[in-house]
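Visitor: Questions regarding the structure given below will be posed in turn.
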Amino acid sequence: MYKNLMQMKLLAFFDKTLVSYSEVAHIDGLIERIVIFAHRHKYENKKVDRDALVIKKSGLWLMLTGLSASLRISISIQPDKTEITLSDYVKEFRLKQFIFLATFLISSPLFFWSNFAGIFLILIFPAYGAFRQYKLIEDMKVEIDDYFAQRLAKPNTARR
């Protein structure tokens, strides 16, 4: 809706995603919005720095099954724009690949002696975990877009 007014730029690298807006954000307001998002979706959040936040859903069982998710959000304010870096998700994808391969190698000899449904059910967990990690990244981009769209919808006097 307001994307053409904000001139949003999205750059995806192998290990991070950079989202740039031509609007200057209020860091505390954006961090607060991300924390509310994390609570609503039952993610743990940890403020690493004034302008950096880590949200994650982890635990031993979630890591062993490949269902864990993690994302680091760093906000950088320039004089006329805001750059937001989403990172630390590559290690989650690598963990899911390792779990999938380990599960496949351990369970492949069992294909001959047991039913296939149970084995495939175990292999679905890391694939679903990878989907949840991807969905977290996409949902975070939408949440940040909504933040900037709301800022543009307000009058200039309400901005900080």
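Residues are named by chain letter and number: chains run A, B, ... in the order of the structure tokens, numbers start at 1 in each chain, and ligands are numbered from 1 in the order shown.
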Which neighbours of His26 of chain A fall inside 12 Å, counting only C-alpha atoms, when residues of the same chain fewer than 3 positions from it are skipped, and could you give them as a PyMOL selection string?

Guide: chain A and resi 23+29-33+50-51+75-78+81-82+147-148+151+158-160

Visitor: Within 12 Å of Lys91 of chain A, counting only C-alpha atoms, which residues show up once you throw out same-chain ones fewer than 5 positions away? Write them as a short mmCIF file (atom, residue, chain, number, x, y, z; two decimals) with all heavy atoms, in the first residue's frame, please.

Guide:
```cif
data_model
loop_
_atom_site.label_atom_id
_atom_site.label_comp_id
_atom_site.auth_asym_id
_atom_site.auth_seq_id
_atom_site.Cartn_x
_atom_site.Cartn_y
_atom_site.Cartn_z
N PHE A 14 23.67 -14.43 1.48
CA PHE A 14 23.65 -15.81 1.95
C PHE A 14 23.40 -15.89 3.45
O PHE A 14 22.67 -16.74 3.92
CB PHE A 14 24.96 -16.52 1.60
CG PHE A 14 25.02 -17.92 2.08
CD1 PHE A 14 24.23 -18.90 1.50
CD2 PHE A 14 25.84 -18.27 3.13
CE1 PHE A 14 24.27 -20.20 1.96
CE2 PHE A 14 25.89 -19.56 3.60
CZ PHE A 14 25.10 -20.53 3.00
N ASP A 15 23.98 -14.97 4.21
CA ASP A 15 23.91 -15.07 5.66
C ASP A 15 23.07 -13.99 6.32
O ASP A 15 22.91 -13.99 7.53
CB ASP A 15 25.31 -15.04 6.26
CG ASP A 15 26.07 -13.78 5.89
OD1 ASP A 15 25.64 -13.08 4.95
OD2 ASP A 15 27.08 -13.51 6.54
N LYS A 16 22.51 -13.05 5.55
CA LYS A 16 21.68 -12.01 6.14
C LYS A 16 20.78 -11.39 5.09
O LYS A 16 21.00 -11.54 3.90
CB LYS A 16 22.55 -10.94 6.80
CG LYS A 16 23.41 -10.17 5.84
CD LYS A 16 24.30 -9.19 6.56
CE LYS A 16 25.22 -8.51 5.58
NZ LYS A 16 26.11 -7.57 6.23
N MET A 63 15.62 -28.41 19.23
CA MET A 63 16.86 -28.50 18.45
C MET A 63 17.07 -29.90 17.89
O MET A 63 17.48 -30.07 16.75
CB MET A 63 18.05 -28.06 19.28
CG MET A 63 18.07 -26.57 19.55
SD MET A 63 19.49 -26.05 20.50
CE MET A 63 20.78 -26.26 19.29
N GLY A 66 14.75 -30.43 15.02
CA GLY A 66 14.87 -29.48 13.92
C GLY A 66 13.77 -28.44 13.90
O GLY A 66 13.56 -27.78 12.89
N SER A 68 13.56 -25.79 16.04
CA SER A 68 13.96 -24.52 16.63
C SER A 68 14.00 -23.42 15.57
O SER A 68 14.10 -23.71 14.38
CB SER A 68 15.32 -24.66 17.32
OG SER A 68 16.30 -25.00 16.37
N ALA A 69 13.93 -22.17 16.03
CA ALA A 69 13.99 -21.03 15.12
C ALA A 69 14.67 -19.88 15.84
O ALA A 69 14.51 -19.71 17.05
CB ALA A 69 12.59 -20.63 14.67
N SER A 70 15.44 -19.08 15.09
CA SER A 70 16.15 -17.96 15.68
C SER A 70 16.34 -16.88 14.62
O SER A 70 16.51 -17.17 13.44
CB SER A 70 17.51 -18.44 16.20
OG SER A 70 18.25 -17.37 16.69
N LEU A 71 16.33 -15.63 15.09
CA LEU A 71 16.50 -14.50 14.19
C LEU A 71 17.06 -13.32 14.98
O LEU A 71 16.60 -13.02 16.07
CB LEU A 71 15.16 -14.11 13.56
CG LEU A 71 15.16 -13.05 12.49
CD1 LEU A 71 15.97 -13.49 11.27
CD2 LEU A 71 13.75 -12.75 12.06
N ARG A 72 18.08 -12.69 14.43
CA ARG A 72 18.67 -11.48 15.03
C ARG A 72 18.26 -10.30 14.18
O ARG A 72 18.47 -10.30 12.96
CB ARG A 72 20.18 -11.60 15.10
CG ARG A 72 20.86 -10.39 15.69
CD ARG A 72 22.37 -10.52 15.64
NE ARG A 72 23.02 -9.29 15.99
CZ ARG A 72 23.48 -9.01 17.21
NH1 ARG A 72 23.39 -9.90 18.16
NH2 ARG A 72 24.05 -7.86 17.45
N LYS A 96 19.13 -27.84 10.67
CA LYS A 96 18.05 -28.66 10.12
C LYS A 96 18.56 -29.62 9.04
O LYS A 96 18.12 -30.77 8.96
CB LYS A 96 16.94 -27.76 9.58
CG LYS A 96 16.14 -27.12 10.71
CD LYS A 96 15.51 -25.85 10.26
CE LYS A 96 14.86 -25.08 11.36
NZ LYS A 96 15.53 -24.98 12.62
N GLN A 97 19.51 -29.16 8.22
CA GLN A 97 20.11 -30.06 7.23
C GLN A 97 20.85 -31.20 7.90
O GLN A 97 20.74 -32.35 7.47
CB GLN A 97 21.09 -29.28 6.35
CG GLN A 97 20.45 -28.33 5.39
CD GLN A 97 21.49 -27.49 4.65
OE1 GLN A 97 22.64 -27.39 5.08
NE2 GLN A 97 21.07 -26.90 3.55
N PHE A 98 21.61 -30.89 8.94
CA PHE A 98 22.35 -31.93 9.66
C PHE A 98 21.39 -32.94 10.29
O PHE A 98 21.61 -34.15 10.19
CB PHE A 98 23.23 -31.29 10.74
CG PHE A 98 23.91 -32.30 11.62
CD1 PHE A 98 24.99 -33.03 11.15
CD2 PHE A 98 23.44 -32.54 12.91
CE1 PHE A 98 25.60 -33.97 11.95
CE2 PHE A 98 24.04 -33.47 13.72
CZ PHE A 98 25.14 -34.19 13.24
N ALA A 130 12.42 -26.04 8.94
CA ALA A 130 12.95 -25.10 7.93
C ALA A 130 11.85 -24.18 7.43
O ALA A 130 12.07 -22.98 7.22
CB ALA A 130 13.58 -25.87 6.78
N GLN A 133 11.24 -21.57 10.08
CA GLN A 133 12.30 -20.55 10.09
C GLN A 133 12.07 -19.55 8.95
O GLN A 133 12.18 -18.35 9.14
CB GLN A 133 13.67 -21.21 9.96
CG GLN A 133 14.82 -20.25 9.94
CD GLN A 133 15.04 -19.57 11.27
OE1 GLN A 133 14.92 -20.18 12.31
NE2 GLN A 133 15.37 -18.29 11.24
#
```

Visitor: Restricting the calculation to only C-alpha atoms: of A:Val54, A:Phe120, A:Tyr89, A:Ile106, which residue gets closest to Lys135 of chain A?

Guide: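 Under the stated criterion, the closest residue is A:Tyr89.
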
Visitor: Atom CA of Asp145 of chain A to atom CA of Ala127 of chain A: how many Å, to one decimal?

Guide: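 We find that atom CA of Asp145 of chain A and atom CA of Ala127 of chain A lie 27.3 Å from each other.
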
Visitor: Quick check, in Å to one decimal: how far apart do atom CA of Phe104 of chain A and atom CA of Tyr128 of chain A lie?

Guide: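 Those two atoms sit 15.2 Å apart.
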
Visitor: Of the candidates A:Gly59, A:Glu143, A:Leu86, A:Ile73, which shows the shortest atom-to-atom distance to Arg40 of chain A, using only C-alpha atoms?

Guide: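 The closest residue to Arg40 of chain A is A:Glu143.
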
Visitor: Using only C-alpha atoms, can you tell me which of A:Leu64, A:Leu136, A:Ile55, A:Ile84 comes closest to Val24 of chain A?

Guide: A:Ile84

Visitor: Where does DSSP see helix (DSSP H, G or I) in segment 8-68 of chain A, if you list the residues as a list in words?

Guide: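 The residues of segment 8-68 of chain A classed as helix (DSSP H, G or I) are Ile27, Asp28, Gly29, Leu30, Ile31, Glu32, Arg33, Ile34, Val35, Ile36, Phe37, Ala38, His39, Arg40, Leu60, Trp61, Leu62, Met63, Leu64 and Thr65 of chain A.
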
Visitor: Go ahead and write the residues just picked, C-alpha atoms, as a PDB file, in the first residue's frame.

Guide:
```
ATOM      1  CA  ILE A  27      14.297   2.578  17.454  1.00  0.00           C
ATOM      2  CA  ASP A  28      12.485   2.047  20.752  1.00  0.00           C
ATOM      3  CA  GLY A  29       9.088   1.960  19.044  1.00  0.00           C
ATOM      4  CA  LEU A  30      10.258  -0.534  16.436  1.00  0.00           C
ATOM      5  CA  ILE A  31      11.931  -2.748  19.061  1.00  0.00           C
ATOM      6  CA  GLU A  32       8.735  -2.632  21.135  1.00  0.00           C
ATOM      7  CA  ARG A  33       6.707  -3.711  18.114  1.00  0.00           C
ATOM      8  CA  ILE A  34       9.094  -6.622  17.470  1.00  0.00           C
ATOM      9  CA  VAL A  35       8.869  -7.681  21.148  1.00  0.00           C
ATOM     10  CA  ILE A  36       5.058  -7.669  20.930  1.00  0.00           C
ATOM     11  CA  PHE A  37       5.333  -9.782  17.766  1.00  0.00           C
ATOM     12  CA  ALA A  38       7.619 -12.226  19.608  1.00  0.00           C
ATOM     13  CA  HIS A  39       5.237 -12.531  22.563  1.00  0.00           C
ATOM     14  CA  ARG A  40       2.232 -12.995  20.277  1.00  0.00           C
ATOM     15  CA  LEU A  60      16.832 -29.333  23.562  1.00  0.00           C
ATOM     16  CA  TRP A  61      13.808 -31.135  22.142  1.00  0.00           C
ATOM     17  CA  LEU A  62      13.194 -28.442  19.512  1.00  0.00           C
ATOM     18  CA  MET A  63      16.860 -28.497  18.447  1.00  0.00           C
ATOM     19  CA  LEU A  64      17.009 -32.312  18.236  1.00  0.00           C
ATOM     20  CA  THR A  65      13.900 -32.463  16.083  1.00  0.00           C
TER      21      THR A  65
END
```

Visitor: Quick one: distance from atom CA of Tyr43 of chain A to atom CA of Arg94 of chain A in Å, one decimal?

Guide: 20.2 Å

Visitor: Which parts of segment 58-152 of chain A does DSSP call strand (DSSP E) when run on the backbone here, written out as a list in words?

Guide: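 Strand (DSSP E) members of segment 58-152 of chain A, listed: Ala69, Ser70, Leu71, Arg72, Ile73, Ser74, Ile75, Ser76, Ile77, Thr82, Glu83, Ile84, Thr85, Leu86 and Ser87 of chain A.
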